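Student: Below is the structure I would like to discuss, written out as structure tokens.
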2 protein chains.
Amino acid sequence: MGDVQTYELRPIGRVRSPLTDRGAAPKQGDEGAPPASIAISPEFAEAMADLEVGATVIVLTWLHEGDRTVLSVHPRDDVTRPLTGVFSTRSPDRPNPVGLHVVTITGVDGTTLAVRDLEAVDGTPVIDIKPVLGPER
Amino acid sequence: MGDVQTYELRPIGRVRSPLTDRGAAPKQGDEGAPPASIAISPEFAEAMADLEVGATVIVLTWLHEGDRTVLSVHPRDDVTRPLTGVFSTRSPDRPNPVGLHVVTITGVDGTTLAVRDLEAVDGTPVIDIKPVLGPER
């Protein structure tokens, strides 16, 4: 049967980064991502108005180069490791390739956020930004 | 201008929970969510094959009852708190209402996962499952 209802994601902005090649990008943000920024579409200025320099936030991206037909992978592209179901991995190849990135805001200029530890390639769509801690807000 | 390119989310399963009313649901999973389960569509069995009882995972949902036009809210519906941009809150009302839930797997039965600390209402679409820790896999 499957689930016929689908939903439409509308990007709220884009990653701007010197990283342009998925193969060369670090697997995780704390493995050497260069400084990057998030260009948020001006229509969402109100939604980002309370983001502050120094805050650590969760950035959700759509890993648009991911292969959505992949259901298992060799973790970290290491073929000596057994095939593993993608829901147990961080593979960008998965049915809904949403990326989660814990980043620190280092600057705010209009609707552009400068950030540290964001490993996504240039042009990656950003779909949401959330606080790291749940209960407070 | 805005970002015209959109992306299609296809649910990989659904939340099954005694919670049926968004208003009555706890705001966060550690605030008293009842035991729940995730019914994963059989076509994604391979992707979930390595999820194990006892594992803590991140479940991503699509909060389909969220109001996507909302850009700022009074945090936790407390009108004495100032309006806050939704990217600084966990409000389910936001441009792309993706929910993040840190849950513990308490059972696996075929393609159904029993879980603890999942506060989403019954029928909520599940879009992805990821390990909590990044670097290992």
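All residue names refer to the structure tokens as shown: chains lettered A, B, ... in order, residues numbered from 1 in each chain, ligands numbered from 1 in order.
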Got a sec to pull out which chain A residues are within 9 Å of chain B, counting only C-alpha atoms, and send them as number ranges by chain?

Tutor: A: 1-13, 27-28, 30-31, 41-51, 57, 60, 62, 64, 70-72, 74-76, 84-91, 94-98, 127-131, 134-137

Student: Could you please write out, as a count of residues only, every residue of chain A that DSSP assigns to strand (DSSP E)?

Tutor: 47

Student: Using only C-alpha atoms, determine which residues lie at most 7 Å from A:Ile105, disregarding the query and same-chain residues fewer than 6 positions distant; provide the list as a JSON list (two decimals) with all heavy atoms, in the first residue's frame.

Tutor:
[["chain", "number", "residue", "atom", "x", "y", "z"],
["A", 52, "GLU", "N", 20.45, 35.02, 18.00],
["A", 52, "GLU", "CA", 21.49, 35.92, 18.52],
["A", 52, "GLU", "C", 22.88, 35.34, 18.33],
["A", 52, "GLU", "O", 23.08, 34.13, 18.37],
["A", 52, "GLU", "CB", 21.25, 36.17, 20.02],
["A", 52, "GLU", "CG", 19.99, 36.98, 20.26],
["A", 52, "GLU", "CD", 19.64, 37.08, 21.75],
["A", 52, "GLU", "OE1", 20.30, 36.40, 22.57],
["A", 52, "GLU", "OE2", 18.71, 37.84, 22.07],
["A", 53, "VAL", "N", 23.85, 36.24, 18.19],
["A", 53, "VAL", "CA", 25.25, 35.82, 18.09],
["A", 53, "VAL", "C", 25.63, 35.05, 19.36],
["A", 53, "VAL", "O", 25.29, 35.45, 20.47],
["A", 53, "VAL", "CB", 26.17, 37.05, 17.91],
["A", 53, "VAL", "CG1", 27.63, 36.65, 17.99],
["A", 53, "VAL", "CG2", 25.87, 37.74, 16.58],
["A", 54, "GLY", "N", 26.29, 33.94, 19.16],
["A", 54, "GLY", "CA", 26.71, 33.10, 20.28],
["A", 54, "GLY", "C", 25.78, 31.93, 20.54],
["A", 54, "GLY", "O", 26.15, 30.98, 21.22],
["A", 55, "ALA", "N", 24.57, 32.00, 19.99],
["A", 55, "ALA", "CA", 23.60, 30.92, 20.20],
["A", 55, "ALA", "C", 24.02, 29.68, 19.42],
["A", 55, "ALA", "O", 24.53, 29.78, 18.30],
["A", 55, "ALA", "CB", 22.21, 31.36, 19.78],
["A", 56, "THR", "N", 23.79, 28.53, 20.02],
["A", 56, "THR", "CA", 23.96, 27.26, 19.32],
["A", 56, "THR", "C", 22.57, 26.77, 18.93],
["A", 56, "THR", "O", 21.66, 26.72, 19.76],
["A", 56, "THR", "CB", 24.67, 26.24, 20.22],
["A", 56, "THR", "OG1", 25.96, 26.76, 20.55],
["A", 56, "THR", "CG2", 24.84, 24.91, 19.51],
["A", 113, "LEU", "N", 22.95, 34.81, 8.35],
["A", 113, "LEU", "CA", 23.59, 34.34, 9.58],
["A", 113, "LEU", "C", 24.96, 33.79, 9.24],
["A", 113, "LEU", "O", 25.08, 32.90, 8.39],
["A", 113, "LEU", "CB", 22.79, 33.20, 10.21],
["A", 113, "LEU", "CG", 21.34, 33.44, 10.59],
["A", 113, "LEU", "CD1", 20.68, 32.13, 11.03],
["A", 113, "LEU", "CD2", 21.26, 34.48, 11.71],
["A", 114, "ALA", "N", 26.00, 34.28, 9.90],
["A", 114, "ALA", "CA", 27.32, 33.64, 9.81],
["A", 114, "ALA", "C", 27.35, 32.53, 10.85],
["A", 114, "ALA", "O", 26.89, 32.71, 11.98],
["A", 114, "ALA", "CB", 28.43, 34.66, 10.08],
["A", 115, "VAL", "N", 27.86, 31.35, 10.47],
["A", 115, "VAL", "CA", 27.82, 30.20, 11.37],
["A", 115, "VAL", "C", 29.13, 29.42, 11.34],
["A", 115, "VAL", "O", 29.87, 29.44, 10.35],
["A", 115, "VAL", "CB", 26.66, 29.24, 11.04],
["A", 115, "VAL", "CG1", 25.31, 29.91, 11.25],
["A", 115, "VAL", "CG2", 26.78, 28.69, 9.63],
["A", 116, "ARG", "N", 29.36, 28.70, 12.43],
["A", 116, "ARG", "CA", 30.52, 27.82, 12.59],
["A", 116, "ARG", "C", 30.02, 26.37, 12.64],
["A", 116, "ARG", "O", 28.94, 26.12, 13.17],
["A", 116, "ARG", "CB", 31.21, 28.19, 13.91],
["A", 116, "ARG", "CG", 32.57, 27.58, 14.12],
["A", 116, "ARG", "CD", 33.26, 28.24, 15.31],
["A", 116, "ARG", "NE", 32.44, 28.14, 16.52],
["A", 116, "ARG", "CZ", 32.43, 29.04, 17.49],
["A", 116, "ARG", "NH1", 33.16, 30.13, 17.41],
["A", 116, "ARG", "NH2", 31.67, 28.85, 18.56]]

Student: Hey, can you check how far atom CA of A:Ala120 sits from atom CA of A:Thr69?

Tutor: 20.6 Å
